[in-house]
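The file upload_17.cif contains mmCIF, N, CA and C atoms:
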```cif
data_data
loop_
_atom_site.label_atom_id
_atom_site.label_comp_id
_atom_site.auth_asym_id
_atom_site.auth_seq_id
_atom_site.Cartn_x
_atom_site.Cartn_y
_atom_site.Cartn_z
N MET X 1 12.63 -3.44 1.33
CA MET X 1 12.28 -3.72 2.70
C MET X 1 12.81 -5.12 3.03
N THR X 2 13.48 -5.25 4.15
CA THR X 2 14.01 -6.54 4.55
C THR X 2 12.88 -7.47 4.98
N ARG X 3 13.18 -8.75 5.01
CA ARG X 3 12.17 -9.71 5.47
C ARG X 3 11.72 -9.43 6.89
N LEU X 4 12.67 -9.07 7.74
CA LEU X 4 12.34 -8.76 9.14
C LEU X 4 11.39 -7.58 9.21
N LEU X 5 11.68 -6.52 8.46
CA LEU X 5 10.81 -5.35 8.47
C LEU X 5 9.45 -5.68 7.87
N ALA X 6 9.41 -6.51 6.83
CA ALA X 6 8.13 -6.92 6.24
C ALA X 6 7.30 -7.72 7.25
N LYS X 7 7.96 -8.57 8.02
CA LYS X 7 7.25 -9.33 9.04
C LYS X 7 6.73 -8.40 10.14
N GLN X 8 7.55 -7.43 10.53
CA GLN X 8 7.11 -6.45 11.52
C GLN X 8 5.90 -5.67 11.01
N LEU X 9 5.93 -5.29 9.74
CA LEU X 9 4.80 -4.58 9.15
C LEU X 9 3.54 -5.43 9.19
N ALA X 10 3.66 -6.68 8.81
CA ALA X 10 2.49 -7.57 8.79
C ALA X 10 1.84 -7.71 10.16
N ASN X 11 2.64 -7.60 11.21
CA ASN X 11 2.15 -7.76 12.58
C ASN X 11 2.09 -6.45 13.35
N CYS X 12 2.15 -5.34 12.65
CA CYS X 12 2.25 -4.03 13.30
C CYS X 12 1.03 -3.74 14.18
N GLN X 13 1.31 -3.26 15.38
CA GLN X 13 0.28 -2.88 16.35
C GLN X 13 0.55 -1.48 16.90
N ARG X 14 1.35 -0.68 16.19
CA ARG X 14 1.81 0.61 16.70
C ARG X 14 0.71 1.64 16.91
N CYS X 15 -0.32 1.60 16.09
CA CYS X 15 -1.35 2.65 16.11
C CYS X 15 -2.69 2.06 16.52
N PRO X 16 -3.09 2.22 17.77
CA PRO X 16 -4.32 1.60 18.26
C PRO X 16 -5.56 1.92 17.41
N ARG X 17 -5.67 3.14 16.92
CA ARG X 17 -6.82 3.52 16.11
C ARG X 17 -6.85 2.74 14.78
N LEU X 18 -5.70 2.55 14.18
CA LEU X 18 -5.63 1.80 12.92
C LEU X 18 -5.82 0.31 13.15
N VAL X 19 -5.28 -0.20 14.23
CA VAL X 19 -5.45 -1.62 14.56
C VAL X 19 -6.93 -1.93 14.81
N ALA X 20 -7.62 -1.04 15.51
CA ALA X 20 -9.05 -1.25 15.77
C ALA X 20 -9.84 -1.26 14.46
N LEU X 21 -9.53 -0.35 13.58
CA LEU X 21 -10.23 -0.32 12.29
C LEU X 21 -9.91 -1.56 11.47
N ARG X 22 -8.66 -2.00 11.52
CA ARG X 22 -8.26 -3.21 10.79
C ARG X 22 -9.08 -4.40 11.26
N SER X 23 -9.31 -4.53 12.56
CA SER X 23 -10.13 -5.62 13.09
C SER X 23 -11.55 -5.54 12.57
N GLU X 24 -12.12 -4.33 12.52
CA GLU X 24 -13.47 -4.15 11.99
C GLU X 24 -13.54 -4.55 10.52
N ILE X 25 -12.54 -4.13 9.76
CA ILE X 25 -12.52 -4.42 8.31
C ILE X 25 -12.40 -5.92 8.07
N LYS X 26 -11.58 -6.59 8.87
CA LYS X 26 -11.44 -8.05 8.73
C LYS X 26 -12.77 -8.75 8.95
N GLN X 27 -13.57 -8.25 9.89
CA GLN X 27 -14.88 -8.85 10.16
C GLN X 27 -15.87 -8.51 9.05
N GLN X 28 -15.87 -7.26 8.58
CA GLN X 28 -16.80 -6.82 7.54
C GLN X 28 -16.49 -7.44 6.19
N TYR X 29 -15.21 -7.57 5.88
CA TYR X 29 -14.77 -8.03 4.57
C TYR X 29 -13.76 -9.17 4.74
N PRO X 30 -14.22 -10.34 5.14
CA PRO X 30 -13.29 -11.44 5.45
C PRO X 30 -12.45 -11.93 4.27
N ASP X 31 -12.88 -11.66 3.05
CA ASP X 31 -12.12 -12.10 1.88
C ASP X 31 -11.10 -11.07 1.41
N ASP X 32 -11.09 -9.89 2.03
CA ASP X 32 -10.15 -8.84 1.64
C ASP X 32 -8.79 -9.05 2.30
N HIS X 33 -7.80 -8.33 1.80
CA HIS X 33 -6.44 -8.38 2.35
C HIS X 33 -6.45 -7.99 3.83
N ALA X 34 -7.06 -6.88 4.16
CA ALA X 34 -7.28 -6.41 5.53
C ALA X 34 -6.05 -6.57 6.43
N ALA X 35 -4.91 -6.12 5.94
CA ALA X 35 -3.65 -6.13 6.69
C ALA X 35 -2.82 -4.95 6.20
N PRO X 36 -1.78 -4.58 6.94
CA PRO X 36 -0.93 -3.48 6.45
C PRO X 36 -0.43 -3.78 5.03
N VAL X 37 -0.23 -2.71 4.28
CA VAL X 37 0.15 -2.83 2.87
C VAL X 37 1.56 -2.26 2.68
N GLY X 38 2.46 -3.11 2.21
CA GLY X 38 3.83 -2.68 1.92
C GLY X 38 3.99 -2.28 0.47
N ALA X 39 5.21 -1.99 0.09
CA ALA X 39 5.53 -1.58 -1.27
C ALA X 39 5.45 -2.77 -2.22
N TRP X 40 5.21 -2.46 -3.49
CA TRP X 40 5.23 -3.49 -4.53
C TRP X 40 5.69 -2.85 -5.85
N GLY X 41 6.10 -3.69 -6.76
CA GLY X 41 6.55 -3.22 -8.07
C GLY X 41 7.96 -3.66 -8.36
N ASP X 42 8.64 -2.93 -9.19
CA ASP X 42 9.99 -3.25 -9.62
C ASP X 42 10.93 -3.22 -8.41
N ALA X 43 11.76 -4.25 -8.29
CA ALA X 43 12.68 -4.35 -7.15
C ALA X 43 13.81 -3.31 -7.23
N GLN X 44 14.12 -2.84 -8.43
CA GLN X 44 15.16 -1.83 -8.63
C GLN X 44 14.56 -0.63 -9.37
N PRO X 45 13.68 0.12 -8.70
CA PRO X 45 12.95 1.17 -9.40
C PRO X 45 13.78 2.43 -9.65
N SER X 46 13.40 3.13 -10.68
CA SER X 46 13.91 4.49 -10.92
C SER X 46 12.94 5.50 -10.32
N ILE X 47 11.69 5.07 -10.15
CA ILE X 47 10.62 5.93 -9.65
C ILE X 47 9.94 5.24 -8.48
N LEU X 48 9.77 5.98 -7.39
CA LEU X 48 8.97 5.49 -6.26
C LEU X 48 7.77 6.41 -6.13
N LEU X 49 6.57 5.85 -6.31
CA LEU X 49 5.33 6.61 -6.14
C LEU X 49 4.85 6.38 -4.71
N VAL X 50 4.56 7.45 -4.00
CA VAL X 50 4.17 7.36 -2.59
C VAL X 50 2.80 8.00 -2.40
N GLY X 51 1.81 7.16 -2.08
CA GLY X 51 0.49 7.64 -1.74
C GLY X 51 0.41 7.89 -0.24
N LEU X 52 -0.68 8.50 0.20
CA LEU X 52 -0.82 8.80 1.62
C LEU X 52 -1.12 7.56 2.44
N ALA X 53 -2.16 6.81 2.07
CA ALA X 53 -2.56 5.63 2.85
C ALA X 53 -3.45 4.74 1.99
N PRO X 54 -3.54 3.45 2.32
CA PRO X 54 -4.41 2.56 1.57
C PRO X 54 -5.87 3.00 1.65
N GLY X 55 -6.61 2.73 0.59
CA GLY X 55 -8.05 2.99 0.58
C GLY X 55 -8.83 1.72 0.89
N LEU X 56 -10.03 1.88 1.38
CA LEU X 56 -10.86 0.74 1.78
C LEU X 56 -11.10 -0.23 0.63
N HIS X 57 -11.46 0.30 -0.53
CA HIS X 57 -11.79 -0.58 -1.65
C HIS X 57 -10.62 -0.73 -2.62
N GLY X 58 -9.48 -0.21 -2.24
CA GLY X 58 -8.26 -0.33 -3.02
C GLY X 58 -7.29 -1.28 -2.32
N ALA X 59 -6.22 -0.72 -1.79
CA ALA X 59 -5.15 -1.54 -1.20
C ALA X 59 -5.61 -2.37 0.00
N ALA X 60 -6.55 -1.85 0.80
CA ALA X 60 -7.05 -2.64 1.94
C ALA X 60 -7.76 -3.90 1.46
N ARG X 61 -8.31 -3.83 0.25
CA ARG X 61 -8.99 -5.00 -0.33
C ARG X 61 -8.00 -5.90 -1.06
N THR X 62 -7.11 -5.29 -1.86
CA THR X 62 -6.24 -6.08 -2.75
C THR X 62 -4.88 -6.42 -2.17
N GLY X 63 -4.41 -5.61 -1.21
CA GLY X 63 -3.06 -5.82 -0.67
C GLY X 63 -1.98 -5.15 -1.48
N LYS X 64 -2.36 -4.39 -2.52
CA LYS X 64 -1.39 -3.69 -3.37
C LYS X 64 -1.74 -2.21 -3.42
N ALA X 65 -0.76 -1.38 -3.13
CA ALA X 65 -0.97 0.06 -3.14
C ALA X 65 -1.51 0.52 -4.49
N LEU X 66 -2.57 1.32 -4.44
CA LEU X 66 -3.21 1.94 -5.59
C LEU X 66 -3.78 0.94 -6.60
N VAL X 67 -4.15 -0.22 -6.13
CA VAL X 67 -4.82 -1.22 -6.98
C VAL X 67 -6.20 -1.48 -6.39
N GLY X 68 -7.23 -1.28 -7.21
CA GLY X 68 -8.58 -1.61 -6.79
C GLY X 68 -9.51 -0.43 -6.62
N ASP X 69 -8.99 0.79 -6.78
CA ASP X 69 -9.86 1.96 -6.63
C ASP X 69 -9.67 2.91 -7.81
N SER X 70 -10.43 3.98 -7.83
CA SER X 70 -10.39 4.90 -8.97
C SER X 70 -9.04 5.60 -9.11
N SER X 71 -8.34 5.83 -8.02
CA SER X 71 -7.01 6.43 -8.11
C SER X 71 -6.07 5.54 -8.91
N GLY X 72 -6.15 4.25 -8.65
CA GLY X 72 -5.31 3.30 -9.37
C GLY X 72 -5.68 3.21 -10.84
N THR X 73 -6.96 3.27 -11.13
CA THR X 73 -7.40 3.22 -12.52
C THR X 73 -6.79 4.38 -13.31
N PHE X 74 -6.87 5.57 -12.73
CA PHE X 74 -6.29 6.75 -13.37
C PHE X 74 -4.78 6.61 -13.49
N LEU X 75 -4.11 6.23 -12.39
CA LEU X 75 -2.66 6.14 -12.37
C LEU X 75 -2.14 5.10 -13.37
N PHE X 76 -2.74 3.92 -13.38
CA PHE X 76 -2.22 2.86 -14.24
C PHE X 76 -2.44 3.13 -15.72
N ALA X 77 -3.48 3.86 -16.06
CA ALA X 77 -3.66 4.28 -17.45
C ALA X 77 -2.48 5.16 -17.86
N ALA X 78 -2.10 6.09 -16.98
CA ALA X 78 -0.97 6.98 -17.27
C ALA X 78 0.36 6.21 -17.29
N LEU X 79 0.56 5.32 -16.33
CA LEU X 79 1.79 4.52 -16.31
C LEU X 79 1.91 3.67 -17.57
N HIS X 80 0.81 3.10 -18.00
CA HIS X 80 0.82 2.27 -19.22
C HIS X 80 1.17 3.13 -20.44
N ARG X 81 0.56 4.29 -20.56
CA ARG X 81 0.87 5.19 -21.69
C ARG X 81 2.34 5.58 -21.71
N ALA X 82 2.94 5.71 -20.53
CA ALA X 82 4.35 6.10 -20.42
C ALA X 82 5.31 4.92 -20.54
N GLY X 83 4.76 3.70 -20.71
CA GLY X 83 5.60 2.51 -20.82
C GLY X 83 6.13 2.01 -19.49
N LEU X 84 5.52 2.45 -18.40
CA LEU X 84 5.98 2.07 -17.07
C LEU X 84 5.14 0.95 -16.43
N ALA X 85 4.07 0.54 -17.10
CA ALA X 85 3.23 -0.57 -16.64
C ALA X 85 2.85 -1.39 -17.87
N SER X 86 2.81 -2.69 -17.69
CA SER X 86 2.51 -3.59 -18.81
C SER X 86 1.06 -3.56 -19.24
N SER X 87 0.19 -3.03 -18.40
CA SER X 87 -1.24 -2.99 -18.68
C SER X 87 -1.84 -1.75 -18.04
N PRO X 88 -2.89 -1.19 -18.64
CA PRO X 88 -3.59 -0.09 -17.98
C PRO X 88 -4.49 -0.57 -16.85
N GLN X 89 -4.67 -1.87 -16.73
CA GLN X 89 -5.50 -2.44 -15.67
C GLN X 89 -4.62 -2.75 -14.47
N PRO X 90 -4.82 -2.05 -13.35
CA PRO X 90 -3.95 -2.19 -12.19
C PRO X 90 -3.77 -3.62 -11.70
N ASP X 91 -4.83 -4.41 -11.70
CA ASP X 91 -4.72 -5.77 -11.16
C ASP X 91 -3.95 -6.71 -12.08
N LEU X 92 -3.70 -6.31 -13.32
CA LEU X 92 -2.97 -7.14 -14.28
C LEU X 92 -1.56 -6.61 -14.57
N ALA X 93 -1.29 -5.39 -14.19
CA ALA X 93 -0.06 -4.72 -14.59
C ALA X 93 1.17 -5.20 -13.84
N LYS X 94 2.25 -5.28 -14.58
CA LYS X 94 3.58 -5.46 -14.02
C LYS X 94 4.26 -4.11 -14.19
N LEU X 95 4.88 -3.62 -13.13
CA LEU X 95 5.51 -2.31 -13.18
C LEU X 95 6.94 -2.40 -13.70
N ASN X 96 7.32 -1.42 -14.50
CA ASN X 96 8.64 -1.35 -15.09
C ASN X 96 9.34 -0.10 -14.58
N ARG X 97 10.38 -0.28 -13.75
CA ARG X 97 11.16 0.81 -13.17
C ARG X 97 10.37 1.63 -12.15
N VAL X 98 9.21 1.13 -11.71
CA VAL X 98 8.35 1.84 -10.76
C VAL X 98 8.03 0.95 -9.58
N ARG X 99 8.02 1.53 -8.40
CA ARG X 99 7.59 0.86 -7.18
C ARG X 99 6.56 1.79 -6.53
N ILE X 100 5.56 1.21 -5.87
CA ILE X 100 4.49 2.00 -5.27
C ILE X 100 4.34 1.63 -3.79
N THR X 101 4.14 2.64 -2.97
CA THR X 101 3.97 2.43 -1.53
C THR X 101 3.09 3.55 -0.97
N HIS X 102 2.89 3.52 0.34
CA HIS X 102 2.15 4.56 1.05
C HIS X 102 2.99 5.07 2.22
N VAL X 103 2.69 6.27 2.66
CA VAL X 103 3.31 6.81 3.88
C VAL X 103 2.80 6.02 5.07
N VAL X 104 1.48 5.94 5.22
CA VAL X 104 0.83 5.18 6.29
C VAL X 104 0.44 3.84 5.69
N LYS X 105 0.73 2.76 6.40
CA LYS X 105 0.62 1.42 5.82
C LYS X 105 -0.73 0.75 6.01
N TRP X 106 -1.65 1.39 6.72
CA TRP X 106 -2.98 0.82 6.87
C TRP X 106 -4.02 1.92 6.75
N LEU X 107 -5.19 1.55 6.27
CA LEU X 107 -6.33 2.43 6.09
C LEU X 107 -6.66 3.20 7.38
N PRO X 108 -6.64 4.53 7.34
CA PRO X 108 -7.04 5.30 8.51
C PRO X 108 -8.53 5.62 8.47
N PRO X 109 -9.16 5.78 9.63
CA PRO X 109 -10.56 6.20 9.66
C PRO X 109 -10.75 7.50 8.86
N ALA X 110 -11.84 7.57 8.12
CA ALA X 110 -12.19 8.73 7.29
C ALA X 110 -11.07 9.08 6.31
N ASN X 111 -10.22 8.11 6.01
CA ASN X 111 -9.12 8.30 5.06
C ASN X 111 -8.22 9.47 5.47
N ALA X 112 -8.07 9.67 6.78
CA ALA X 112 -7.30 10.80 7.30
C ALA X 112 -6.35 10.35 8.41
N PRO X 113 -5.12 9.99 8.04
CA PRO X 113 -4.16 9.59 9.07
C PRO X 113 -3.71 10.79 9.89
N THR X 114 -3.34 10.53 11.12
CA THR X 114 -2.80 11.58 11.98
C THR X 114 -1.29 11.69 11.74
N ALA X 115 -0.72 12.80 12.18
CA ALA X 115 0.73 12.97 12.08
C ALA X 115 1.45 11.89 12.87
N ALA X 116 0.90 11.50 14.01
CA ALA X 116 1.52 10.44 14.83
C ALA X 116 1.51 9.10 14.09
N GLU X 117 0.45 8.83 13.35
CA GLU X 117 0.38 7.57 12.57
C GLU X 117 1.41 7.59 11.44
N ALA X 118 1.56 8.72 10.78
CA ALA X 118 2.58 8.82 9.74
C ALA X 118 3.97 8.64 10.35
N ALA X 119 4.21 9.24 11.50
CA ALA X 119 5.51 9.10 12.16
C ALA X 119 5.76 7.66 12.58
N ALA X 120 4.71 6.96 13.01
CA ALA X 120 4.87 5.56 13.43
C ALA X 120 5.26 4.66 12.26
N CYS X 121 4.92 5.06 11.05
CA CYS X 121 5.25 4.28 9.85
C CYS X 121 6.56 4.73 9.19
N ALA X 122 7.19 5.74 9.74
CA ALA X 122 8.35 6.35 9.09
C ALA X 122 9.48 5.37 8.81
N ASP X 123 9.74 4.44 9.72
CA ASP X 123 10.85 3.52 9.46
C ASP X 123 10.55 2.56 8.31
N TYR X 124 9.29 2.22 8.12
CA TYR X 124 8.93 1.39 6.96
C TYR X 124 9.18 2.16 5.66
N LEU X 125 8.75 3.41 5.62
CA LEU X 125 8.97 4.23 4.43
C LEU X 125 10.46 4.49 4.23
N ASP X 126 11.18 4.76 5.31
CA ASP X 126 12.65 4.97 5.20
C ASP X 126 13.32 3.75 4.57
N ALA X 127 12.90 2.57 4.98
CA ALA X 127 13.48 1.33 4.43
C ALA X 127 13.18 1.22 2.94
N GLU X 128 11.97 1.61 2.54
CA GLU X 128 11.62 1.56 1.13
C GLU X 128 12.39 2.60 0.33
N LEU X 129 12.63 3.78 0.90
CA LEU X 129 13.37 4.83 0.22
C LEU X 129 14.85 4.49 0.10
N SER X 130 15.38 3.71 1.00
CA SER X 130 16.81 3.40 0.98
C SER X 130 17.18 2.20 0.11
N ARG X 131 16.19 1.62 -0.56
CA ARG X 131 16.46 0.47 -1.43
C ARG X 131 17.40 0.83 -2.53
#
```

Give the structure from the file, written as structure tokens.
Amino acid sequence: MTRLLAKQLANCQRCPRLVALRSEIKQQYPDDHAAPVGAWGDAQPSILLVGLAPGLHGAARTGKALVGDSSGTFLFAALHRAGLASSPQPDLAKLNRVRITHVVKWLPPANAPTAAEAAACADYLDAELSR
């Protein structure tokens, strides 16, 4: 993702429903990341893992896709066993040949993004896929 696209993501206002929830989360959890979540991991990956959307106690809290929730705990144990993560603990792991992202870049209400929200994030995902 280019710096310009990363800046656009950080300031994204495309989806009113997600922006409203982001404001609520920032007030409820002022110490959390509470901003759109971009890709992270190896800059030249062989594998791109794509989740649906950040979770409240995962990426919305930590700022890293699949870090901080039970999905990440399960995933990173498997990545570590396969030699693709330096640690089974998501918050400590460095990814090897793997990059992780989401289709929708911010936590949706009830963990259920709409098709329009996924479409609004498509250029961010396209940029990550074209790396």

Residue list (alpha helix (DSSP H), DSSP) for stretch 3-92 of chain X, as JSON, numbers by chain: {"X": [3, 4, 5, 6, 7, 8, 9, 10, 16, 17, 18, 19, 20, 21, 22, 23, 24, 25, 26, 27, 28, 59, 60, 61, 62, 70, 71, 72, 73, 74, 75, 76, 77, 78, 79, 80, 81]}

Using N, CA and C atoms, can you write the selected residues to a file as a compact mmCIF listing (two decimals), in the frame of the given file?
```
# COMPACT_ATOMS: atom_id res chain seq x y z
N ARG X 3 13.18 -8.75 5.01
CA ARG X 3 12.17 -9.71 5.47
C ARG X 3 11.72 -9.43 6.89
N LEU X 4 12.67 -9.07 7.74
CA LEU X 4 12.34 -8.76 9.14
C LEU X 4 11.39 -7.58 9.21
N LEU X 5 11.68 -6.52 8.46
CA LEU X 5 10.81 -5.35 8.47
C LEU X 5 9.45 -5.68 7.87
N ALA X 6 9.41 -6.51 6.83
CA ALA X 6 8.13 -6.92 6.24
C ALA X 6 7.30 -7.72 7.25
N LYS X 7 7.96 -8.57 8.02
CA LYS X 7 7.25 -9.33 9.04
C LYS X 7 6.73 -8.40 10.14
N GLN X 8 7.55 -7.43 10.53
CA GLN X 8 7.11 -6.45 11.52
C GLN X 8 5.90 -5.67 11.01
N LEU X 9 5.93 -5.29 9.74
CA LEU X 9 4.80 -4.58 9.15
C LEU X 9 3.54 -5.43 9.19
N ALA X 10 3.66 -6.68 8.81
CA ALA X 10 2.49 -7.57 8.79
C ALA X 10 1.84 -7.71 10.16
N PRO X 16 -3.09 2.22 17.77
CA PRO X 16 -4.32 1.60 18.26
C PRO X 16 -5.56 1.92 17.41
N ARG X 17 -5.67 3.14 16.92
CA ARG X 17 -6.82 3.52 16.11
C ARG X 17 -6.85 2.74 14.78
N LEU X 18 -5.70 2.55 14.18
CA LEU X 18 -5.63 1.80 12.92
C LEU X 18 -5.82 0.31 13.15
N VAL X 19 -5.28 -0.20 14.23
CA VAL X 19 -5.45 -1.62 14.56
C VAL X 19 -6.93 -1.93 14.81
N ALA X 20 -7.62 -1.04 15.51
CA ALA X 20 -9.05 -1.25 15.77
C ALA X 20 -9.84 -1.26 14.46
N LEU X 21 -9.53 -0.35 13.58
CA LEU X 21 -10.23 -0.32 12.29
C LEU X 21 -9.91 -1.56 11.47
N ARG X 22 -8.66 -2.00 11.52
CA ARG X 22 -8.26 -3.21 10.79
C ARG X 22 -9.08 -4.40 11.26
N SER X 23 -9.31 -4.53 12.56
CA SER X 23 -10.13 -5.62 13.09
C SER X 23 -11.55 -5.54 12.57
N GLU X 24 -12.12 -4.33 12.52
CA GLU X 24 -13.47 -4.15 11.99
C GLU X 24 -13.54 -4.55 10.52
N ILE X 25 -12.54 -4.13 9.76
CA ILE X 25 -12.52 -4.42 8.31
C ILE X 25 -12.40 -5.92 8.07
N LYS X 26 -11.58 -6.59 8.87
CA LYS X 26 -11.44 -8.05 8.73
C LYS X 26 -12.77 -8.75 8.95
N GLN X 27 -13.57 -8.25 9.89
CA GLN X 27 -14.88 -8.85 10.16
C GLN X 27 -15.87 -8.51 9.05
N GLN X 28 -15.87 -7.26 8.58
CA GLN X 28 -16.80 -6.82 7.54
C GLN X 28 -16.49 -7.44 6.19
N ALA X 59 -6.22 -0.72 -1.79
CA ALA X 59 -5.15 -1.54 -1.20
C ALA X 59 -5.61 -2.37 0.00
N ALA X 60 -6.55 -1.85 0.80
CA ALA X 60 -7.05 -2.64 1.94
C ALA X 60 -7.76 -3.90 1.46
N ARG X 61 -8.31 -3.83 0.25
CA ARG X 61 -8.99 -5.00 -0.33
C ARG X 61 -8.00 -5.90 -1.06
N THR X 62 -7.11 -5.29 -1.86
CA THR X 62 -6.24 -6.08 -2.75
C THR X 62 -4.88 -6.42 -2.17
N SER X 70 -10.43 3.98 -7.83
CA SER X 70 -10.39 4.90 -8.97
C SER X 70 -9.04 5.60 -9.11
N SER X 71 -8.34 5.83 -8.02
CA SER X 71 -7.01 6.43 -8.11
C SER X 71 -6.07 5.54 -8.91
N GLY X 72 -6.15 4.25 -8.65
CA GLY X 72 -5.31 3.30 -9.37
C GLY X 72 -5.68 3.21 -10.84
N THR X 73 -6.96 3.27 -11.13
CA THR X 73 -7.40 3.22 -12.52
C THR X 73 -6.79 4.38 -13.31
N PHE X 74 -6.87 5.57 -12.73
CA PHE X 74 -6.29 6.75 -13.37
C PHE X 74 -4.78 6.61 -13.49
N LEU X 75 -4.11 6.23 -12.39
CA LEU X 75 -2.66 6.14 -12.37
C LEU X 75 -2.14 5.10 -13.37
N PHE X 76 -2.74 3.92 -13.38
CA PHE X 76 -2.22 2.86 -14.24
C PHE X 76 -2.44 3.13 -15.72
N ALA X 77 -3.48 3.86 -16.06
CA ALA X 77 -3.66 4.28 -17.45
C ALA X 77 -2.48 5.16 -17.86
N ALA X 78 -2.10 6.09 -16.98
CA ALA X 78 -0.97 6.98 -17.27
C ALA X 78 0.36 6.21 -17.29
N LEU X 79 0.56 5.32 -16.33
CA LEU X 79 1.79 4.52 -16.31
C LEU X 79 1.91 3.67 -17.57
N HIS X 80 0.81 3.10 -18.00
CA HIS X 80 0.82 2.27 -19.22
C HIS X 80 1.17 3.13 -20.44
N ARG X 81 0.56 4.29 -20.56
CA ARG X 81 0.87 5.19 -21.69
C ARG X 81 2.34 5.58 -21.71
```

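Atom C of X:Ala127 sits 23.7 Å away from atom N of X:Arg22.
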
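Each of X:Pro45, X:Pro36, X:Pro16, X:Gly68 was checked against X:Arg131 using only N, CA and C atoms; the smallest atom-to-atom distance is that of X:Pro45.
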
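Minimum atom-to-atom distance to X:Thr73, evaluated using only C-alpha atoms, belongs to X:Ala93 out of X:Ala93, X:Ala112, X:Leu21, X:Cys15.
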
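Across X:Leu129, X:Thr101, X:Gly55, X:Ala120, the tightest approach to X:Cys12 is made by X:Ala120 when counting only C-alpha atoms.
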
Target residues per the PyMOL selection byres ((chain X and resi 66) around 8), formatted as a list in words: Gly51, Ala53, Pro54, Gly55, Gly58, Ala59, Ala60, Gly63, Lys64, Ala65, Val67, Gly68, Asp69, Ser70, Ser71, Gly72, Thr73, Leu75, Phe76, Pro90, Asp91, Ile100, Thr101 and His102 of chain X

Could stretch 126-131 of chain X be completed with all heavy atoms and written as a CSV table (one decimal), in the frame of the given file, please?
```csv
chain,number,residue,atom,x,y,z
X,126,ASP,N,11.2,4.8,5.3
X,126,ASP,CA,12.6,5.0,5.2
X,126,ASP,C,13.3,3.8,4.6
X,126,ASP,O,14.2,3.9,3.7
X,126,ASP,CB,13.3,5.3,6.6
X,126,ASP,CG,12.9,6.6,7.1
X,126,ASP,OD1,12.5,7.5,6.3
X,126,ASP,OD2,13.1,6.9,8.3
X,127,ALA,N,12.9,2.6,5.0
X,127,ALA,CA,13.5,1.3,4.4
X,127,ALA,C,13.2,1.2,2.9
X,127,ALA,O,14.0,0.8,2.2
X,127,ALA,CB,13.0,0.1,5.2
X,128,GLU,N,12.0,1.6,2.5
X,128,GLU,CA,11.6,1.6,1.1
X,128,GLU,C,12.4,2.6,0.3
X,128,GLU,O,12.8,2.3,-0.8
X,128,GLU,CB,10.1,1.8,1.0
X,128,GLU,CG,9.3,0.6,1.5
X,128,GLU,CD,7.9,0.9,1.8
X,128,GLU,OE1,7.4,2.0,1.6
X,128,GLU,OE2,7.1,-0.1,2.1
X,129,LEU,N,12.6,3.8,0.9
X,129,LEU,CA,13.4,4.8,0.2
X,129,LEU,C,14.8,4.5,0.1
X,129,LEU,O,15.5,4.9,-0.8
X,129,LEU,CB,13.2,6.2,1.0
X,129,LEU,CG,11.8,6.8,0.9
X,129,LEU,CD1,11.7,8.0,1.9
X,129,LEU,CD2,11.5,7.2,-0.5
X,130,SER,N,15.4,3.7,1.0
X,130,SER,CA,16.8,3.4,1.0
X,130,SER,C,17.2,2.2,0.1
X,130,SER,O,18.3,1.8,0.0
X,130,SER,CB,17.3,3.2,2.4
X,130,SER,OG,16.8,2.0,3.0
X,131,ARG,N,16.2,1.6,-0.6
X,131,ARG,CA,16.5,0.5,-1.4
X,131,ARG,C,17.4,0.8,-2.5
X,131,ARG,O,17.4,1.8,-3.1
X,131,ARG,CB,15.2,-0.1,-2.0
X,131,ARG,CG,14.3,-0.6,-1.0
X,131,ARG,CD,13.2,-1.4,-1.6
X,131,ARG,NE,13.7,-2.7,-1.7
X,131,ARG,CZ,13.4,-3.6,-2.7
X,131,ARG,NH1,12.6,-3.3,-3.5
X,131,ARG,NH2,13.9,-4.7,-2.7
```
